>>> print(open('coords-v1.tsv').read())   # TSV, N, CA, C and O atoms
chain	number	residue	atom	x	y	z
A	1	ALA	N	-70.73	79.51	78.69
A	1	ALA	CA	-71.07	80.78	79.33
A	1	ALA	C	-71.99	81.61	78.43
A	1	ALA	O	-72.73	82.43	78.94
A	2	THR	N	-71.94	81.39	77.13
A	2	THR	CA	-72.79	82.19	76.25
A	2	THR	C	-74.20	81.62	76.15
A	2	THR	O	-75.04	82.22	75.47
A	3	THR	N	-74.49	80.53	76.82
A	3	THR	CA	-75.84	79.97	76.76
A	3	THR	C	-76.87	80.87	77.43
A	3	THR	O	-78.05	80.73	77.19
A	4	VAL	N	-76.40	81.80	78.24
A	4	VAL	CA	-77.31	82.75	78.89
A	4	VAL	C	-78.00	83.62	77.84
A	4	VAL	O	-79.18	83.93	77.96
A	5	ILE	N	-77.28	83.99	76.79
A	5	ILE	CA	-77.85	84.86	75.76
A	5	ILE	C	-78.22	84.11	74.50
A	5	ILE	O	-78.70	84.70	73.55
A	6	THR	N	-78.02	82.80	74.49
A	6	THR	CA	-78.29	81.99	73.29
A	6	THR	C	-79.60	81.25	73.46
A	6	THR	O	-79.80	80.55	74.45
A	7	ARG	N	-80.46	81.40	72.48
A	7	ARG	CA	-81.78	80.75	72.57
A	7	ARG	C	-81.79	79.38	71.92
A	7	ARG	O	-82.49	78.49	72.36
A	8	THR	N	-81.05	79.21	70.82
A	8	THR	CA	-81.08	77.93	70.11
A	8	THR	C	-79.65	77.42	69.93
A	8	THR	O	-78.68	78.16	70.05
A	9	THR	N	-79.56	76.16	69.59
A	9	THR	CA	-78.23	75.58	69.38
A	9	THR	C	-77.58	76.15	68.12
A	9	THR	O	-76.36	76.22	68.04
A	10	GLU	N	-78.38	76.55	67.16
A	10	GLU	CA	-77.83	77.12	65.93
A	10	GLU	C	-77.17	78.48	66.18
A	10	GLU	O	-76.19	78.83	65.56
A	11	SER	N	-77.74	79.25	67.11
A	11	SER	CA	-77.17	80.57	67.39
A	11	SER	C	-76.05	80.54	68.41
A	11	SER	O	-75.45	81.57	68.70
A	12	ALA	N	-75.74	79.38	68.96
A	12	ALA	CA	-74.66	79.28	69.95
A	12	ALA	C	-73.31	79.63	69.34
A	12	ALA	O	-72.46	80.25	70.00
A	13	GLN	N	-73.09	79.27	68.10
A	13	GLN	CA	-71.84	79.60	67.44
A	13	GLN	C	-71.72	81.11	67.23
A	13	GLN	O	-70.64	81.68	67.35
A	14	LEU	N	-72.82	81.76	66.91
A	14	LEU	CA	-72.80	83.20	66.67
A	14	LEU	C	-72.60	84.01	67.93
A	14	LEU	O	-72.03	85.09	67.89
A	15	SER	N	-73.08	83.51	69.06
A	15	SER	CA	-72.95	84.29	70.29
A	15	SER	C	-71.51	84.30	70.82
A	15	SER	O	-71.09	85.25	71.47
A	16	ALA	N	-70.75	83.27	70.53
A	16	ALA	CA	-69.35	83.21	70.98
A	16	ALA	C	-68.39	83.80	69.94
A	16	ALA	O	-67.23	84.08	70.26
A	17	MET	N	-68.85	84.00	68.72
A	17	MET	CA	-67.97	84.43	67.64
A	17	MET	C	-67.31	85.79	67.85
A	17	MET	O	-66.13	85.94	67.54
A	18	PRO	N	-67.98	86.84	68.36
A	18	PRO	CA	-67.30	88.14	68.49
A	18	PRO	C	-66.05	88.09	69.36
A	18	PRO	O	-65.01	88.61	68.99
A	19	LEU	N	-66.13	87.44	70.52
A	19	LEU	CA	-64.96	87.35	71.38
A	19	LEU	C	-63.86	86.53	70.71
A	19	LEU	O	-62.68	86.89	70.78
A	20	LEU	N	-64.23	85.45	70.05
A	20	LEU	CA	-63.22	84.63	69.38
A	20	LEU	C	-62.54	85.37	68.24
A	20	LEU	O	-61.32	85.31	68.08
A	21	LEU	N	-63.30	86.09	67.43
A	21	LEU	CA	-62.72	86.83	66.32
A	21	LEU	C	-61.79	87.94	66.79
A	21	LEU	O	-60.69	88.11	66.27
A	22	VAL	N	-62.23	88.69	67.79
A	22	VAL	CA	-61.37	89.76	68.34
A	22	VAL	C	-60.13	89.16	68.97
A	22	VAL	O	-59.02	89.68	68.79
A	23	SER	N	-60.27	88.06	69.68
A	23	SER	CA	-59.13	87.43	70.33
A	23	SER	C	-58.11	86.93	69.32
A	23	SER	O	-56.90	87.13	69.49
A	24	PHE	N	-58.56	86.28	68.27
A	24	PHE	CA	-57.63	85.79	67.25
A	24	PHE	C	-56.99	86.92	66.46
A	24	PHE	O	-55.80	86.91	66.21
A	25	ALA	N	-57.79	87.91	66.09
A	25	ALA	CA	-57.26	89.00	65.26
A	25	ALA	C	-56.25	89.86	66.03
A	25	ALA	O	-55.26	90.30	65.46
A	26	ALA	N	-56.49	90.08	67.31
A	26	ALA	CA	-55.62	90.98	68.08
A	26	ALA	C	-54.59	90.25	68.92
A	26	ALA	O	-53.87	90.87	69.69
A	27	SER	N	-54.47	88.95	68.78
A	27	SER	CA	-53.53	88.20	69.62
A	27	SER	C	-52.16	88.04	69.00
A	27	SER	O	-51.26	87.51	69.64
A	28	GLY	N	-51.99	88.49	67.79
A	28	GLY	CA	-50.71	88.32	67.14
A	28	GLY	C	-50.74	87.25	66.08
A	28	GLY	O	-49.71	86.94	65.49
A	29	VAL	N	-51.87	86.66	65.82
A	29	VAL	CA	-51.99	85.65	64.77
A	29	VAL	C	-51.88	86.32	63.40
A	29	VAL	O	-51.14	85.86	62.54
A	30	LEU	N	-52.60	87.40	63.22
A	30	LEU	CA	-52.60	88.10	61.93
A	30	LEU	C	-51.49	89.15	61.84
A	30	LEU	O	-50.81	89.25	60.83
A	31	VAL	N	-51.35	89.94	62.90
A	31	VAL	CA	-50.35	91.01	62.94
A	31	VAL	C	-49.59	90.87	64.27
A	31	VAL	O	-50.22	90.78	65.32
A	32	PRO	N	-48.26	90.85	64.23
A	32	PRO	CA	-47.51	90.74	65.50
A	32	PRO	C	-47.79	91.93	66.43
A	32	PRO	O	-47.97	93.06	65.97
A	33	LEU	N	-47.84	91.68	67.71
A	33	LEU	CA	-48.12	92.73	68.68
A	33	LEU	C	-47.01	93.79	68.70
A	33	LEU	O	-47.25	94.93	69.07
A	34	SER	N	-45.82	93.41	68.31
A	34	SER	CA	-44.70	94.36	68.32
A	34	SER	C	-44.88	95.46	67.27
A	34	SER	O	-44.27	96.52	67.38
A	35	VAL	N	-45.73	95.24	66.26
A	35	VAL	CA	-45.97	96.23	65.22
A	35	VAL	C	-47.00	97.27	65.68
A	35	VAL	O	-46.99	98.41	65.22
A	36	LEU	N	-47.87	96.90	66.61
A	36	LEU	CA	-48.93	97.77	67.08
A	36	LEU	C	-48.38	98.85	68.02
A	36	LEU	O	-47.31	98.67	68.61
A	37	PRO	N	-49.10	99.96	68.18
A	37	PRO	CA	-48.69	100.96	69.18
A	37	PRO	C	-48.65	100.35	70.58
A	37	PRO	O	-49.36	99.37	70.86
A	38	ASP	N	-47.86	100.93	71.47
A	38	ASP	CA	-47.64	100.33	72.79
A	38	ASP	C	-48.92	100.13	73.59
A	38	ASP	O	-49.12	99.07	74.18
A	39	THR	N	-49.79	101.12	73.63
A	39	THR	CA	-51.01	100.99	74.43
A	39	THR	C	-51.94	99.93	73.85
A	39	THR	O	-52.55	99.16	74.59
A	40	VAL	N	-52.03	99.88	72.54
A	40	VAL	CA	-52.88	98.86	71.90
A	40	VAL	C	-52.29	97.47	72.13
A	40	VAL	O	-53.02	96.52	72.44
A	41	ALA	N	-50.98	97.34	72.03
A	41	ALA	CA	-50.33	96.05	72.26
A	41	ALA	C	-50.50	95.59	73.70
A	41	ALA	O	-50.68	94.40	73.97
A	42	ASP	N	-50.45	96.54	74.65
A	42	ASP	CA	-50.64	96.17	76.06
A	42	ASP	C	-52.05	95.66	76.32
A	42	ASP	O	-52.24	94.70	77.06
A	43	VAL	N	-53.04	96.29	75.69
A	43	VAL	CA	-54.43	95.83	75.85
A	43	VAL	C	-54.61	94.48	75.18
A	43	VAL	O	-55.23	93.57	75.74
A	44	CYS	N	-54.06	94.32	73.98
A	44	CYS	CA	-54.20	93.07	73.24
A	44	CYS	C	-53.49	91.90	73.92
A	44	CYS	O	-53.85	90.75	73.74
A	45	ALA	N	-52.47	92.20	74.71
A	45	ALA	CA	-51.73	91.14	75.41
A	45	ALA	C	-52.58	90.45	76.48
A	45	ALA	O	-52.24	89.36	76.92
A	46	TRP	N	-53.68	91.07	76.88
A	46	TRP	CA	-54.55	90.49	77.90
A	46	TRP	C	-55.74	89.73	77.33
A	46	TRP	O	-56.59	89.26	78.07
A	47	LEU	N	-55.82	89.59	76.01
A	47	LEU	CA	-56.91	88.83	75.40
A	47	LEU	C	-56.67	87.33	75.59
A	47	LEU	O	-55.54	86.90	75.82
A	48	PRO	N	-57.70	86.49	75.48
A	48	PRO	CA	-57.55	85.06	75.79
A	48	PRO	C	-56.53	84.30	74.95
A	48	PRO	O	-55.88	83.40	75.46
A	49	VAL	N	-56.37	84.62	73.69
A	49	VAL	CA	-55.49	83.83	72.82
A	49	VAL	C	-54.05	84.37	72.84
A	49	VAL	O	-53.12	83.66	72.50
A	50	SER	N	-53.86	85.60	73.28
A	50	SER	CA	-52.54	86.24	73.24
A	50	SER	C	-51.46	85.49	74.02
A	50	SER	O	-50.36	85.32	73.51
A	51	PRO	N	-51.71	85.04	75.25
A	51	PRO	CA	-50.64	84.33	75.95
A	51	PRO	C	-50.26	83.02	75.26
A	51	PRO	O	-49.09	82.63	75.25
A	52	LEU	N	-51.22	82.36	74.65
A	52	LEU	CA	-50.91	81.12	73.95
A	52	LEU	C	-50.05	81.38	72.72
A	52	LEU	O	-49.08	80.67	72.44
A	53	MET	N	-50.39	82.44	71.99
A	53	MET	CA	-49.59	82.80	70.82
A	53	MET	C	-48.18	83.24	71.22
A	53	MET	O	-47.21	82.94	70.53
A	54	GLU	N	-48.07	83.93	72.34
A	54	GLU	CA	-46.75	84.35	72.81
A	54	GLU	C	-45.90	83.14	73.19
A	54	GLU	O	-44.71	83.08	72.86
A	55	LEU	N	-46.51	82.17	73.85
A	55	LEU	CA	-45.77	80.96	74.22
A	55	LEU	C	-45.32	80.18	72.99
A	55	LEU	O	-44.20	79.69	72.92
A	56	VAL	N	-46.19	80.06	71.99
A	56	VAL	CA	-45.84	79.34	70.77
A	56	VAL	C	-44.74	80.09	70.01
A	56	VAL	O	-43.74	79.50	69.60
A	57	ARG	N	-44.90	81.40	69.84
A	57	ARG	CA	-43.93	82.20	69.09
A	57	ARG	C	-42.55	82.18	69.77
A	57	ARG	O	-41.53	81.97	69.13
A	58	GLU	N	-42.53	82.40	71.05
A	58	GLU	CA	-41.25	82.43	71.76
A	58	GLU	C	-40.68	81.03	71.96
A	58	GLU	O	-39.47	80.88	72.13
A	59	GLY	N	-41.52	80.03	71.94
A	59	GLY	CA	-41.02	78.65	71.99
A	59	GLY	C	-40.25	78.30	70.74
A	59	GLY	O	-39.25	77.59	70.78
A	60	TRP	N	-40.71	78.80	69.60
A	60	TRP	CA	-39.99	78.56	68.35
A	60	TRP	C	-38.68	79.32	68.30
A	60	TRP	O	-37.67	78.82	67.84
A	61	SER	N	-38.70	80.57	68.78
A	61	SER	CA	-37.50	81.39	68.69
A	61	SER	C	-36.58	81.23	69.90
A	61	SER	O	-35.41	81.58	69.82
A	62	GLY	N	-37.10	80.73	71.00
A	62	GLY	CA	-36.28	80.53	72.19
A	62	GLY	C	-35.98	81.81	72.93
A	62	GLY	O	-35.02	81.89	73.69
A	63	GLY	N	-36.80	82.84	72.78
A	63	GLY	CA	-36.51	84.13	73.38
A	63	GLY	C	-37.31	84.47	74.63
A	63	GLY	O	-37.22	85.59	75.12
A	64	LEU	N	-38.07	83.56	75.18
A	64	LEU	CA	-38.91	83.87	76.33
A	64	LEU	C	-38.18	83.52	77.62
A	64	LEU	O	-37.70	82.39	77.79
A	65	ASP	N	-38.08	84.49	78.53
A	65	ASP	CA	-37.43	84.23	79.81
A	65	ASP	C	-38.47	83.68	80.81
A	65	ASP	O	-39.64	83.52	80.48
A	66	GLY	N	-38.03	83.40	82.01
A	66	GLY	CA	-38.91	82.79	83.01
A	66	GLY	C	-40.06	83.69	83.41
A	66	GLY	O	-41.20	83.23	83.57
A	67	ALA	N	-39.80	84.99	83.57
A	67	ALA	CA	-40.86	85.91	83.98
A	67	ALA	C	-41.90	86.06	82.87
A	67	ALA	O	-43.11	86.10	83.15
A	68	GLY	N	-41.48	86.12	81.62
A	68	GLY	CA	-42.43	86.22	80.51
A	68	GLY	C	-43.28	84.98	80.37
A	68	GLY	O	-44.47	85.04	80.07
A	69	MET	N	-42.64	83.82	80.62
A	69	MET	CA	-43.38	82.57	80.54
A	69	MET	C	-44.43	82.50	81.66
A	69	MET	O	-45.57	82.12	81.42
A	70	LEU	N	-44.05	82.89	82.87
A	70	LEU	CA	-45.01	82.86	83.98
A	70	LEU	C	-46.15	83.84	83.75
A	70	LEU	O	-47.30	83.54	84.08
A	71	ARG	N	-45.86	85.00	83.16
A	71	ARG	CA	-46.91	85.97	82.86
A	71	ARG	C	-47.89	85.39	81.85
A	71	ARG	O	-49.10	85.49	82.02
A	72	SER	N	-47.38	84.76	80.79
A	72	SER	CA	-48.25	84.18	79.77
A	72	SER	C	-49.10	83.06	80.34
A	72	SER	O	-50.30	82.98	80.08
A	73	VAL	N	-48.49	82.20	81.11
A	73	VAL	CA	-49.24	81.10	81.72
A	73	VAL	C	-50.27	81.65	82.72
A	73	VAL	O	-51.40	81.16	82.79
A	74	GLY	N	-49.88	82.68	83.47
A	74	GLY	CA	-50.81	83.29	84.43
A	74	GLY	C	-52.03	83.90	83.76
A	74	GLY	O	-53.15	83.74	84.24
A	75	VAL	N	-51.82	84.59	82.64
A	75	VAL	CA	-52.96	85.18	81.91
A	75	VAL	C	-53.85	84.08	81.36
A	75	VAL	O	-55.08	84.18	81.41
A	76	ALA	N	-53.27	83.02	80.84
A	76	ALA	CA	-54.06	81.90	80.32
A	76	ALA	C	-54.86	81.23	81.44
A	76	ALA	O	-56.05	80.91	81.25
A	77	VAL	N	-54.25	81.04	82.58
A	77	VAL	CA	-54.96	80.44	83.72
A	77	VAL	C	-56.05	81.38	84.22
A	77	VAL	O	-57.15	80.93	84.58
A	78	LEU	N	-55.79	82.69	84.22
A	78	LEU	CA	-56.80	83.66	84.62
A	78	LEU	C	-58.02	83.59	83.71
A	78	LEU	O	-59.16	83.58	84.19
A	79	TRP	N	-57.82	83.53	82.40
A	79	TRP	CA	-58.95	83.42	81.46
A	79	TRP	C	-59.69	82.10	81.64
A	79	TRP	O	-60.91	82.04	81.54
A	80	THR	N	-58.96	81.02	81.90
A	80	THR	CA	-59.60	79.73	82.12
A	80	THR	C	-60.45	79.75	83.39
A	80	THR	O	-61.58	79.25	83.40
A	81	ALA	N	-59.92	80.36	84.45
A	81	ALA	CA	-60.67	80.46	85.71
A	81	ALA	C	-61.89	81.36	85.53
A	81	ALA	O	-62.97	81.06	86.06
A	82	LEU	N	-61.73	82.45	84.80
A	82	LEU	CA	-62.86	83.35	84.54
A	82	LEU	C	-63.95	82.64	83.74
A	82	LEU	O	-65.15	82.78	84.04
A	83	ALA	N	-63.56	81.86	82.75
A	83	ALA	CA	-64.54	81.11	81.97
A	83	ALA	C	-65.23	80.05	82.83
A	83	ALA	O	-66.46	79.87	82.73
A	84	GLY	N	-64.47	79.38	83.65
A	84	GLY	CA	-65.07	78.39	84.56
A	84	GLY	C	-66.04	79.01	85.53
A	84	GLY	O	-67.12	78.47	85.80
A	85	PHE	N	-65.68	80.18	86.07
A	85	PHE	CA	-66.57	80.90	86.97
A	85	PHE	C	-67.85	81.31	86.25
A	85	PHE	O	-68.95	81.19	86.80
A	86	ALA	N	-67.71	81.82	85.03
A	86	ALA	CA	-68.88	82.27	84.26
A	86	ALA	C	-69.82	81.10	83.98
A	86	ALA	O	-71.04	81.25	84.05
A	87	VAL	N	-69.27	79.96	83.66
A	87	VAL	CA	-70.10	78.78	83.38
A	87	VAL	C	-70.84	78.35	84.65
A	87	VAL	O	-72.04	78.06	84.60
A	88	ARG	N	-70.15	78.34	85.77
A	88	ARG	CA	-70.80	77.93	87.01
A	88	ARG	C	-71.83	78.96	87.47
A	88	ARG	O	-72.86	78.60	88.04
A	89	ARG	N	-71.53	80.22	87.23
A	89	ARG	CA	-72.41	81.31	87.71
A	89	ARG	C	-73.69	81.40	86.90
A	89	ARG	O	-74.77	81.58	87.44
A	90	TRP	N	-73.57	81.35	85.57
A	90	TRP	CA	-74.74	81.55	84.71
A	90	TRP	C	-75.19	80.27	84.06
A	90	TRP	O	-76.11	80.22	83.36
>>> encode(input="coords-v1.tsv", output="structure tokens")
Amino acid sequence: ATTVITRTTESAQLSAMPLLLVSFAASGVLVPLSVLPDTVADVCAWLPVSPLMELVREGWSGGLDGAGMLRSVGVAVLWTALAGFAVRRW
């Protein structure tokens, strides 16, 4: 999807990097979402990597209920569908 703004193959990595860095940093990889303020944590929960981190974290601890699991899977599927749409569109 970033090929629309990427001119060369060398710059393809740089055009996707901002979204990836923000997604990893705010998904709970570096700092748990429970430590962040509520509004910031709610926004960060909708980033592409956040549902995957939630599934991994709660899979280890065994604390995820059915509704939380469906929400995480739904957000991940939503991001996948959005990426697929963007690739087909542009």
>>> atom_distance(input="coords-v1.tsv", atom1="atom CA of Val49 of chain A", atom2="atom CA of Phe24 of chain A")
6.3 Å
>>> closest_atom_pairs(input="coords-v1.tsv", of="segment 35-57 of chain A", to="segment 62-79 of chain A", cutoff="8 Å", atoms="all atoms listed in the file", output="Markdown table")
| residue | atom | partner | partner_atom | distance |
| --- | --- | --- | --- | --- |
| A:Ala45 | O | A:Val75 | CA | 6.5 |
| A:Trp46 | O | A:Val75 | O | 6.3 |
| A:Leu47 | O | A:Val75 | O | 6.2 |
| A:Pro48 | O | A:Ala76 | CA | 5.4 |
| A:Val49 | N | A:Ala76 | CA | 7.5 |
| A:Ser50 | C | A:Ser72 | O | 6.7 |
| A:Pro51 | CA | A:Ser72 | O | 4.4 |
| A:Leu52 | N | A:Ser72 | O | 5.5 |
| A:Glu54 | O | A:Leu64 | CA | 6.8 |
| A:Leu55 | N | A:Ser72 | CA | 6.5 |
| A:Val56 | O | A:Gly62 | N | 6.9 |
| A:Arg57 | O | A:Gly62 | N | 5.0 |
>>> write_last_selection(input="coords-v1.tsv", atoms="N, CA, C and O atoms", output="short mmCIF file (atom, residue, chain, number, x, y, z; two decimals), keeping the file's coordinate frame")
data_model
loop_
_atom_site.label_atom_id
_atom_site.label_comp_id
_atom_site.auth_asym_id
_atom_site.auth_seq_id
_atom_site.Cartn_x
_atom_site.Cartn_y
_atom_site.Cartn_z
N ALA A 45 -52.47 92.20 74.71
CA ALA A 45 -51.73 91.14 75.41
C ALA A 45 -52.58 90.45 76.48
O ALA A 45 -52.24 89.36 76.92
N TRP A 46 -53.68 91.07 76.88
CA TRP A 46 -54.55 90.49 77.90
C TRP A 46 -55.74 89.73 77.33
O TRP A 46 -56.59 89.26 78.07
N LEU A 47 -55.82 89.59 76.01
CA LEU A 47 -56.91 88.83 75.40
C LEU A 47 -56.67 87.33 75.59
O LEU A 47 -55.54 86.90 75.82
N PRO A 48 -57.70 86.49 75.48
CA PRO A 48 -57.55 85.06 75.79
C PRO A 48 -56.53 84.30 74.95
O PRO A 48 -55.88 83.40 75.46
N VAL A 49 -56.37 84.62 73.69
CA VAL A 49 -55.49 83.83 72.82
C VAL A 49 -54.05 84.37 72.84
O VAL A 49 -53.12 83.66 72.50
N SER A 50 -53.86 85.60 73.28
CA SER A 50 -52.54 86.24 73.24
C SER A 50 -51.46 85.49 74.02
O SER A 50 -50.36 85.32 73.51
N PRO A 51 -51.71 85.04 75.25
CA PRO A 51 -50.64 84.33 75.95
C PRO A 51 -50.26 83.02 75.26
O PRO A 51 -49.09 82.63 75.25
N LEU A 52 -51.22 82.36 74.65
CA LEU A 52 -50.91 81.12 73.95
C LEU A 52 -50.05 81.38 72.72
O LEU A 52 -49.08 80.67 72.44
N GLU A 54 -48.07 83.93 72.34
CA GLU A 54 -46.75 84.35 72.81
C GLU A 54 -45.90 83.14 73.19
O GLU A 54 -44.71 83.08 72.86
N LEU A 55 -46.51 82.17 73.85
CA LEU A 55 -45.77 80.96 74.22
C LEU A 55 -45.32 80.18 72.99
O LEU A 55 -44.20 79.69 72.92
N VAL A 56 -46.19 80.06 71.99
CA VAL A 56 -45.84 79.34 70.77
C VAL A 56 -44.74 80.09 70.01
O VAL A 56 -43.74 79.50 69.60
N ARG A 57 -44.90 81.40 69.84
CA ARG A 57 -43.93 82.20 69.09
C ARG A 57 -42.55 82.18 69.77
O ARG A 57 -41.53 81.97 69.13
#
>>> atom_distance(input="coords-v1.tsv", atom1="atom C of Ala1 of chain A", atom2="atom N of Val22 of chain A")
16.1 Å
>>> atom_distance(input="coords-v1.tsv", atom1="atom N of Val29 of chain A", atom2="atom CA of Ile5 of chain A")
27.9 Å
>>> residues_around(input="coords-v1.tsv", residues="Gly28 of chain A", least_positions_apart="3", cutoff="7 Å", atoms="only N, CA, C and O atoms", output="MDAnalysis selection string")
chainID A and resid 23:25 31:33 44 49:50 53
>>> select_by_dssp(input="coords-v1.tsv", residues="segment 35-89 of chain A", states="alpha helix (DSSP H)", output="number ranges by chain")
A: 38-44, 50-61, 66-89
